[in-house]
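Structure file protein-v6.cif (mmCIF, C-alpha atoms) is printed below.
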```
data_model
#
loop_
_atom_site.label_atom_id
_atom_site.label_comp_id
_atom_site.auth_asym_id
_atom_site.auth_seq_id
_atom_site.Cartn_x
_atom_site.Cartn_y
_atom_site.Cartn_z
CA MET L 1 224.59 59.65 181.76
CA ASP L 2 224.73 63.41 182.14
CA TYR L 3 221.57 65.22 181.04
CA SER L 4 222.66 68.72 181.96
CA PRO L 5 221.95 71.28 179.26
CA ASP L 6 224.27 70.83 176.31
CA PRO L 7 224.20 73.76 173.90
CA VAL L 8 224.66 71.45 170.91
CA ARG L 9 221.78 69.17 171.90
CA ALA L 10 219.63 72.12 172.98
CA ALA L 11 219.86 73.74 169.54
CA GLY L 12 216.90 73.12 167.29
CA PRO L 13 213.16 72.99 167.82
CA PRO L 14 211.54 71.88 171.10
CA ALA L 15 209.41 69.37 169.17
CA VAL L 16 209.27 67.71 165.78
CA THR L 17 205.97 66.39 164.45
CA GLU L 18 205.60 63.87 161.64
CA GLY L 19 203.09 61.30 160.52
CA THR L 20 199.50 60.76 159.64
CA PRO L 21 196.92 62.98 161.30
CA ASP L 22 194.54 60.01 161.66
CA GLY L 23 196.56 57.45 163.60
CA PRO L 24 197.36 57.08 167.26
CA ILE L 25 199.53 59.82 168.71
CA VAL L 26 202.95 58.79 170.00
CA LEU L 27 204.38 61.55 172.18
CA VAL L 28 208.10 61.07 172.86
CA LEU L 29 210.08 62.74 175.67
CA ASP L 30 213.66 62.41 174.43
CA PRO L 31 216.43 63.27 176.90
CA ALA L 32 219.10 63.02 174.18
CA GLY L 33 217.59 65.67 171.92
CA ALA L 34 217.42 63.62 168.72
CA ALA L 35 215.44 65.06 165.79
CA LYS L 36 217.44 68.26 166.01
CA HIS L 37 217.18 68.83 162.27
CA ASP L 38 213.39 68.45 162.01
CA GLY L 39 213.48 64.75 161.18
CA LEU L 40 212.70 61.65 163.21
CA PRO L 41 215.43 59.13 163.94
CA ALA L 42 215.72 56.64 161.05
CA THR L 43 214.34 53.78 163.16
CA TRP L 44 211.08 55.70 163.71
CA ARG L 45 210.43 56.94 160.17
CA PRO L 46 208.54 53.81 159.03
CA PHE L 47 205.92 54.45 161.73
CA ALA L 48 204.98 57.86 160.38
CA ASP L 49 202.60 56.30 157.85
CA ARG L 50 200.51 54.85 160.75
CA TRP L 51 201.05 57.23 163.68
CA ARG L 52 201.22 60.91 164.48
CA ILE L 53 204.63 61.22 166.19
CA VAL L 54 205.49 64.24 168.30
CA TRP L 55 209.17 64.03 169.29
CA CYS L 56 209.74 66.42 172.21
CA ARG L 57 213.41 67.26 172.59
CA MET L 58 214.04 67.69 176.31
CA PRO L 59 217.38 69.54 176.00
CA ALA L 60 215.64 72.26 173.96
CA ASP L 61 213.80 75.01 175.80
CA GLY L 62 210.09 74.23 175.83
CA GLY L 63 210.23 70.48 175.12
CA LEU L 64 208.34 69.43 178.25
CA SER L 65 205.95 72.40 177.98
CA GLU L 66 205.13 71.32 174.44
CA ALA L 67 204.19 67.83 175.68
CA ASP L 68 202.04 69.26 178.46
CA GLU L 69 200.21 71.57 176.04
CA ILE L 70 199.47 68.70 173.65
CA LEU L 71 197.98 66.64 176.46
CA ALA L 72 196.03 69.58 177.90
CA ASP L 73 194.20 69.99 174.59
CA PRO L 74 192.63 66.54 174.11
CA PRO L 75 193.44 64.92 170.76
CA VAL L 76 190.92 65.25 167.97
CA GLY L 77 188.45 62.38 167.81
CA GLY L 78 189.61 60.88 171.10
CA ARG L 79 192.68 59.34 169.49
CA PRO L 80 194.87 57.63 172.06
CA VAL L 81 198.16 59.18 173.14
CA HIS L 82 201.02 56.84 173.89
CA LEU L 83 203.64 58.65 175.94
CA VAL L 84 207.21 57.32 175.50
CA ALA L 85 210.08 58.29 177.80
CA SER L 86 213.39 57.00 179.04
CA GLY L 87 215.61 57.31 182.05
CA PRO L 88 215.38 60.68 183.75
CA PHE L 89 212.11 61.61 182.04
CA GLY L 90 210.19 58.53 183.21
CA GLU L 91 209.01 60.45 186.27
CA ALA L 92 208.01 63.42 184.12
CA ALA L 93 206.02 61.07 181.87
CA LEU L 94 204.17 59.64 184.87
CA GLY L 95 203.46 63.18 186.08
CA LEU L 96 202.04 64.16 182.68
CA ALA L 97 199.81 61.06 182.70
CA GLU L 98 198.62 61.88 186.22
CA ARG L 99 197.68 65.42 185.13
CA HIS L 100 196.05 64.30 181.86
CA PRO L 101 194.67 60.76 182.31
CA GLU L 102 191.83 61.49 179.89
CA ALA L 103 194.32 62.04 177.06
CA VAL L 104 196.97 59.40 177.83
CA ARG L 105 196.31 55.78 176.87
CA ALA L 106 199.73 54.44 177.92
CA VAL L 107 203.11 55.40 179.31
CA LEU L 108 205.82 53.33 177.64
CA LEU L 109 209.11 53.50 179.52
CA VAL L 110 212.68 52.59 178.65
CA ASP L 111 215.07 52.03 181.55
CA PRO L 112 212.97 54.21 183.91
CA ALA L 113 215.36 53.62 186.81
CA ALA L 114 218.26 55.15 184.90
CA SER L 115 217.97 58.70 186.16
CA GLY L 116 221.73 58.59 186.59
CA TYR L 117 224.48 56.17 185.62
CA VAL L 118 223.54 52.48 185.70
CA GLU L 119 226.26 49.87 185.20
CA ALA L 120 226.14 47.99 181.92
CA GLY L 121 223.84 44.99 182.28
CA ASP L 122 222.14 46.32 185.44
CA GLY L 123 219.26 48.09 183.66
CA ALA L 124 216.72 45.30 184.14
CA THR L 125 217.55 44.89 187.85
CA ALA L 126 217.38 48.63 188.47
CA ASP L 127 214.03 48.73 186.66
CA GLU L 128 212.68 45.93 188.90
CA TYR L 129 213.39 48.09 191.96
CA TRP L 130 211.79 51.05 190.20
CA GLU L 131 208.69 48.95 189.49
CA GLN L 132 208.41 48.03 193.20
CA ASP L 133 208.82 51.65 194.29
CA SER L 134 206.38 52.99 191.70
CA ALA L 135 203.70 50.30 192.15
CA PRO L 136 201.18 52.55 194.00
CA ARG L 137 201.56 55.31 191.44
CA ARG L 138 201.21 52.91 188.50
CA ALA L 139 198.14 51.29 190.12
CA ALA L 140 196.48 54.71 190.48
CA LEU L 141 197.18 55.42 186.80
CA ALA L 142 195.74 52.01 185.85
CA ARG L 143 192.54 52.88 187.73
CA SER L 144 192.40 56.03 185.60
CA GLY L 145 192.71 53.93 182.44
CA VAL L 146 196.40 54.57 181.80
CA ASP L 147 198.55 51.52 181.07
CA VAL L 148 202.15 51.90 182.31
CA ARG L 149 204.72 49.54 180.82
CA VAL L 150 208.48 49.16 180.92
CA ILE L 151 209.12 48.14 177.33
CA ALA L 152 212.92 47.99 177.03
CA HIS L 153 216.03 47.65 179.17
CA SER L 154 219.68 48.17 178.47
CA GLU L 155 221.28 44.74 178.53
CA GLY L 156 224.80 46.15 178.45
CA GLY L 157 225.96 44.00 175.54
CA ALA L 158 227.54 44.91 172.24
CA ARG L 159 224.09 45.69 170.80
CA ASP L 160 223.48 48.45 173.38
CA ARG L 161 227.00 49.93 173.18
CA ILE L 162 226.24 52.40 176.00
CA PRO L 163 224.97 52.18 179.59
CA ALA L 164 221.29 52.67 180.44
CA PRO L 165 219.09 54.29 179.39
CA LEU L 166 218.90 53.05 175.83
CA PRO L 167 218.47 55.93 173.40
CA LEU L 168 214.91 56.23 172.14
CA GLY L 169 216.15 55.92 168.57
CA HIS L 170 217.70 52.49 169.31
CA PRO L 171 216.20 49.79 167.04
CA ASP L 172 215.13 47.68 170.04
CA VAL L 173 213.25 50.63 171.52
CA ALA L 174 211.53 51.47 168.24
CA GLU L 175 210.42 47.83 167.87
CA ALA L 176 209.20 47.67 171.49
CA VAL L 177 207.13 50.83 170.96
CA ARG L 178 205.67 49.39 167.75
CA LYS L 179 204.65 46.18 169.51
CA SER L 180 203.16 48.02 172.49
CA VAL L 181 201.11 50.43 170.36
CA ALA L 182 199.81 47.49 168.31
CA ASP L 183 198.97 45.51 171.45
CA LEU L 184 197.19 48.44 173.09
CA GLY L 185 195.27 49.08 169.85
CA ARG L 186 193.90 45.53 169.94
CA LYS L 187 192.67 46.09 173.52
CA GLU L 188 190.62 49.17 172.64
#
```
Could you express the structure from this file as structure tokens?
Amino acid sequence: MDYSPDPVRAAGPPAVTEGTPDGPIVLVLDPAGAAKHDGLPATWRPFADRWRIVWCRMPADGGLSEADEILADPPVGGRPVHLVASGPFGEAALGLAERHPEAVRAVLLVDPAASGYVEAGDGATADEYWEQDSAPRRAALARSGVDVRVIAHSEGGARDRIPAPLPLGHPDVAEAVRKSVADLGRKE
């Protein structure tokens, strides 16, 4: 998948924020640039009554800077931040967690090995290699209290419809994030 700047995807705000100010913070690094019109993808809207969602649009100028600024200023009341990223922004998400381990509770990744094209159905295998390669980095984050999880893979079937990485607005991704945030909340 080509993530070079696309003027259509780059249009719009660098970040969209919705949700309750009291819940956990879910900070999304979206390579596709969804939420262009100041609204979350439909699959994420039901979570806004429980979470504070900050959807950073990576094609827009300032999307990654916005995420870094949010993490640099620790959340009010020590609320956990769950950082969600896919494909080419998995490494950026790990880097943000390394710079701000006091603010990040978890890094939730979708097809992290898909920094370029991955054949349909090969997402899980590519992610296994990524997990082997990133093991020392993930272990260091775990020692800092940051849980790193691969929560979804492109299976390449009719449900995915496109090669890895799955879009963050995909229903399977939204459900995997919901389950992970709930699971991590029980562990706190």
Just how far from atom CA of Pro88 of chain L is atom CA of Asp172 of chain L, in Å to one decimal?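 Interatomic distance here is 18.9 Å.
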Compare L:Val84, L:Pro21, L:Arg143, L:Pro13 by their minimum atom-to-atom distance to Pro59 of chain L, counting only C-alpha atoms, and give me the closest one. L:Pro13
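Remark: for Val16 of chain L, the closest of the candidate residues L:Trp55, L:Ala92, L:Arg45, L:Gly33 is L:Trp55 (distances computed over only C-alpha atoms).
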Long-range neighbours of Ala85 of chain L as a PyMOL selection string, 8 Å cut-off, all atoms listed in the file, 6 positions minimum in chain: chain L and resi 28-30+93+107-110+112+168
Picked residues, the PyMOL selection byres ((chain L and resi 40) around 12), expected as a ChimeraX atom specification: /L:15-19,28,30,33-39,41-48,52-57,168-169,174
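You will find atom CA of Ala182 of chain L at 20.3 Å from atom CA of Leu141 of chain L.
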Distance atom CA of Val146 of chain L-atom CA of Ala97 of chain L, one decimal place? 7.4 Å
For N, CA and C atoms, please extract segment 10-54 of chain L from the block and return it as a compact mmCIF listing (two decimals), in the first residue's frame.
```txt
# COMPACT_ATOMS: atom_id res chain seq x y z
N ALA L 10 -4.68 14.17 2.64
CA ALA L 10 -4.00 15.13 3.51
C ALA L 10 -4.90 16.30 3.89
N ALA L 11 -5.95 16.55 3.10
CA ALA L 11 -6.86 17.65 3.42
C ALA L 11 -7.58 17.34 4.73
N GLY L 12 -7.89 18.37 5.46
CA GLY L 12 -8.60 18.18 6.72
C GLY L 12 -7.67 18.37 7.90
N PRO L 13 -8.21 18.21 9.09
CA PRO L 13 -7.44 18.48 10.31
C PRO L 13 -6.41 17.39 10.58
N PRO L 14 -5.32 17.72 11.31
CA PRO L 14 -4.34 16.69 11.66
C PRO L 14 -4.88 15.71 12.69
N ALA L 15 -5.87 16.13 13.48
CA ALA L 15 -6.44 15.23 14.49
C ALA L 15 -7.90 15.59 14.72
N VAL L 16 -8.67 14.56 15.05
CA VAL L 16 -10.07 14.71 15.40
C VAL L 16 -10.23 14.11 16.79
N THR L 17 -10.88 14.84 17.69
CA THR L 17 -11.07 14.37 19.06
C THR L 17 -12.55 14.27 19.36
N GLU L 18 -12.95 13.11 19.89
CA GLU L 18 -14.33 12.89 20.29
C GLU L 18 -14.34 12.03 21.54
N GLY L 19 -15.43 12.09 22.27
CA GLY L 19 -15.62 11.19 23.38
C GLY L 19 -15.64 11.86 24.73
N THR L 20 -15.82 11.02 25.73
CA THR L 20 -15.93 11.49 27.10
C THR L 20 -14.58 11.95 27.64
N PRO L 21 -14.56 13.02 28.38
CA PRO L 21 -13.29 13.47 28.93
C PRO L 21 -12.81 12.62 30.11
N ASP L 22 -13.65 11.69 30.59
CA ASP L 22 -13.30 10.93 31.79
C ASP L 22 -12.76 9.53 31.53
N GLY L 23 -12.94 9.01 30.35
CA GLY L 23 -12.54 7.63 30.08
C GLY L 23 -11.09 7.51 29.67
N PRO L 24 -10.69 6.26 29.39
CA PRO L 24 -9.33 6.06 28.89
C PRO L 24 -9.15 6.81 27.56
N ILE L 25 -7.93 7.17 27.29
CA ILE L 25 -7.62 7.87 26.04
C ILE L 25 -7.13 6.85 25.02
N VAL L 26 -7.75 6.87 23.85
CA VAL L 26 -7.32 6.01 22.75
C VAL L 26 -6.79 6.93 21.68
N LEU L 27 -5.49 6.86 21.46
CA LEU L 27 -4.79 7.73 20.52
C LEU L 27 -4.46 6.92 19.28
N VAL L 28 -5.04 7.28 18.15
CA VAL L 28 -4.95 6.51 16.92
C VAL L 28 -4.04 7.20 15.92
N LEU L 29 -3.08 6.45 15.36
CA LEU L 29 -2.22 6.94 14.28
C LEU L 29 -2.72 6.29 13.00
N ASP L 30 -3.49 7.02 12.22
CA ASP L 30 -4.15 6.45 11.04
C ASP L 30 -3.43 6.80 9.75
N PRO L 31 -2.80 5.82 9.09
CA PRO L 31 -2.09 6.10 7.85
C PRO L 31 -3.02 6.44 6.69
N ALA L 32 -4.30 6.04 6.77
CA ALA L 32 -5.23 6.27 5.67
C ALA L 32 -5.87 7.65 5.71
N GLY L 33 -5.81 8.33 6.83
CA GLY L 33 -6.37 9.68 6.91
C GLY L 33 -7.88 9.72 7.06
N ALA L 34 -8.48 8.69 7.66
CA ALA L 34 -9.92 8.73 7.92
C ALA L 34 -10.21 9.88 8.87
N ALA L 35 -11.47 10.18 9.08
CA ALA L 35 -11.93 11.27 9.94
C ALA L 35 -11.63 12.64 9.33
N LYS L 36 -11.53 12.68 8.04
CA LYS L 36 -11.22 13.92 7.34
C LYS L 36 -12.26 15.02 7.60
N HIS L 37 -13.49 14.63 7.80
CA HIS L 37 -14.55 15.61 7.98
C HIS L 37 -14.97 15.76 9.43
N ASP L 38 -13.98 15.69 10.33
CA ASP L 38 -14.20 15.90 11.76
C ASP L 38 -15.13 14.90 12.41
N GLY L 39 -15.18 13.69 11.91
CA GLY L 39 -16.00 12.66 12.52
C GLY L 39 -15.27 11.34 12.50
N LEU L 40 -15.41 10.56 13.57
CA LEU L 40 -14.77 9.25 13.63
C LEU L 40 -15.40 8.30 12.62
N PRO L 41 -14.66 7.27 12.22
CA PRO L 41 -15.28 6.24 11.38
C PRO L 41 -16.48 5.64 12.13
N ALA L 42 -17.49 5.22 11.39
CA ALA L 42 -18.73 4.72 11.99
C ALA L 42 -18.49 3.59 12.98
N THR L 43 -17.51 2.74 12.73
CA THR L 43 -17.25 1.60 13.62
C THR L 43 -16.71 2.03 14.97
N TRP L 44 -16.19 3.24 15.07
CA TRP L 44 -15.61 3.74 16.32
C TRP L 44 -16.57 4.63 17.11
N ARG L 45 -17.60 5.12 16.50
CA ARG L 45 -18.50 6.07 17.18
C ARG L 45 -19.11 5.53 18.47
N PRO L 46 -19.49 4.24 18.53
CA PRO L 46 -20.07 3.74 19.79
C PRO L 46 -19.11 3.82 20.99
N PHE L 47 -17.82 3.91 20.75
CA PHE L 47 -16.85 3.94 21.85
C PHE L 47 -16.71 5.32 22.47
N ALA L 48 -17.22 6.33 21.79
CA ALA L 48 -17.04 7.70 22.26
C ALA L 48 -17.76 7.97 23.58
N ASP L 49 -18.73 7.13 23.94
CA ASP L 49 -19.40 7.35 25.22
C ASP L 49 -18.60 6.78 26.40
N ARG L 50 -17.52 6.02 26.10
CA ARG L 50 -16.67 5.43 27.15
C ARG L 50 -15.24 5.93 27.11
N TRP L 51 -14.76 6.35 25.94
CA TRP L 51 -13.36 6.71 25.76
C TRP L 51 -13.23 8.13 25.25
N ARG L 52 -12.05 8.67 25.42
CA ARG L 52 -11.64 9.91 24.75
C ARG L 52 -10.80 9.44 23.57
N ILE L 53 -11.26 9.66 22.35
CA ILE L 53 -10.57 9.18 21.15
C ILE L 53 -9.94 10.36 20.43
N VAL L 54 -8.64 10.25 20.21
CA VAL L 54 -7.92 11.26 19.43
C VAL L 54 -7.42 10.53 18.18
```
